[in-house]
Amino acid sequence: MKTVILPTQPDAKSPAGADIRYLIDCKTGNMIHSTVPAHQINRATVHATVHEFWYVLEGEGEIWRDDG
């Protein structure tokens with residue numbers, strides 16, 4: 001497993017426009033730090049093989065899901 005200190009500049013941009021910084025990278029998965037711009041509304045996405053966990057560090061927002 002590779003871990004890093006949070007980079008000051010993003011490594012990539014998500015399709016929705018969020019800044020992405022890669023934190024952990026290993027064979028079975030990875031972890032990113034994502035900065036979402038204020039007032040941004042993203043289209044709902046369904047991943048076939050990916051699970052997402054969200055932890056909000058600052059600000060507020062809404063995350064909704066359909067588990068059915």
# chains A, B, ... in the order shown; residues from 1 in each chain; ligands from 1
>>> select_by_dssp(residues="chain A", states="strand (DSSP E or B)", output="VMD selection string")
chain A and resid 2 to 3 12 to 13 19 to 26 29 to 35
>>> residues_around(residues="stretch 56-62 of chain A", least_positions_apart="5", cutoff="12 Å", atoms="only C-alpha atoms", output="list in words")
His33, Ser34, Thr35, Val36, Pro37, Ala38, His39, Gln40, Ile41, Asn42 and Ala44 of chain A
>>> closest_residue(among="A:Gly17, A:His47, A:Tyr22, A:Asn30", to="A:Ile5", atoms="only C-alpha atoms")
A:Tyr22
>>> atom_distance(atom1="atom CA of A:Gly29", atom2="atom CA of A:His51")
9.5 Å
>>> closest_residue(among="A:Ile32, A:Tyr55, A:Val50, A:Arg43", to="A:Asp11", atoms="only C-alpha atoms")
A:Ile32
>>> closest_residue(among="A:Trp64, A:Val46, A:Arg21, A:Thr28", to="A:Val4", atoms="only C-alpha atoms")
A:Arg21
>>> atom_distance(atom1="atom CA of A:Phe53", atom2="atom CA of A:Met31")
9.3 Å
>>> atom_distance(atom1="atom CA of A:Ser14", atom2="atom CA of A:Trp54")
15.1 Å
>>> decode(residues="stretch 1-61 of chain A", atoms="C-alpha atoms", output="CSV table (one decimal), in the first residue's frame")
chain,number,residue,atom,x,y,z
A,1,MET,CA,0.0,0.0,0.0
A,2,LYS,CA,1.2,3.5,-0.9
A,3,THR,CA,0.2,6.5,1.3
A,4,VAL,CA,1.0,10.1,0.8
A,5,ILE,CA,0.6,13.5,2.5
A,6,LEU,CA,-2.3,15.5,1.0
A,7,PRO,CA,-0.9,17.3,-2.0
A,8,THR,CA,-1.4,21.1,-2.3
A,9,GLN,CA,-2.4,20.8,-6.0
A,10,PRO,CA,-5.0,18.3,-7.3
A,11,ASP,CA,-3.9,15.2,-9.2
A,12,ALA,CA,-7.0,15.2,-11.4
A,13,LYS,CA,-10.5,16.5,-11.9
A,14,SER,CA,-13.6,14.4,-11.6
A,15,PRO,CA,-16.1,14.4,-14.5
A,16,ALA,CA,-18.3,16.6,-12.2
A,17,GLY,CA,-15.5,19.2,-11.7
A,18,ALA,CA,-14.3,18.2,-8.2
A,19,ASP,CA,-10.6,18.4,-7.4
A,20,ILE,CA,-9.2,14.9,-6.8
A,21,ARG,CA,-6.1,14.1,-4.7
A,22,TYR,CA,-5.0,10.5,-4.4
A,23,LEU,CA,-4.2,9.4,-0.9
A,24,ILE,CA,-3.9,5.6,-0.8
A,25,ASP,CA,-3.4,3.2,-3.7
A,26,CYS,CA,-3.3,-0.6,-3.4
A,27,LYS,CA,-4.4,-3.7,-5.4
A,28,THR,CA,-7.9,-3.9,-3.9
A,29,GLY,CA,-8.9,-0.2,-3.9
A,30,ASN,CA,-7.8,3.3,-3.2
A,31,MET,CA,-8.8,6.4,-1.3
A,32,ILE,CA,-9.1,10.0,-2.6
A,33,HIS,CA,-9.6,13.4,-1.1
A,34,SER,CA,-12.2,15.3,-3.1
A,35,THR,CA,-13.0,19.0,-3.0
A,36,VAL,CA,-16.4,19.8,-4.3
A,37,PRO,CA,-17.0,23.4,-5.3
A,38,ALA,CA,-19.7,25.4,-3.4
A,39,HIS,CA,-23.3,25.1,-4.7
A,40,GLN,CA,-22.3,22.2,-7.1
A,41,ILE,CA,-25.0,19.6,-7.8
A,42,ASN,CA,-23.7,16.4,-9.3
A,43,ARG,CA,-25.7,13.9,-11.3
A,44,ALA,CA,-26.4,10.6,-9.5
A,45,THR,CA,-24.0,7.9,-10.4
A,46,VAL,CA,-24.2,4.1,-10.1
A,47,HIS,CA,-20.9,2.2,-10.0
A,48,ALA,CA,-20.8,-1.5,-10.9
A,49,THR,CA,-17.7,-2.4,-9.0
A,50,VAL,CA,-16.9,0.6,-6.7
A,51,HIS,CA,-18.1,1.5,-3.2
A,52,GLU,CA,-18.0,5.1,-2.0
A,53,PHE,CA,-17.7,6.3,1.5
A,54,TRP,CA,-18.1,10.1,2.2
A,55,TYR,CA,-16.7,11.9,5.2
A,56,VAL,CA,-17.3,15.7,5.2
A,57,LEU,CA,-14.5,17.7,6.7
A,58,GLU,CA,-15.8,21.2,6.2
A,59,GLY,CA,-19.0,22.9,5.1
A,60,GLU,CA,-22.3,21.1,4.6
A,61,GLY,CA,-24.2,19.4,1.8
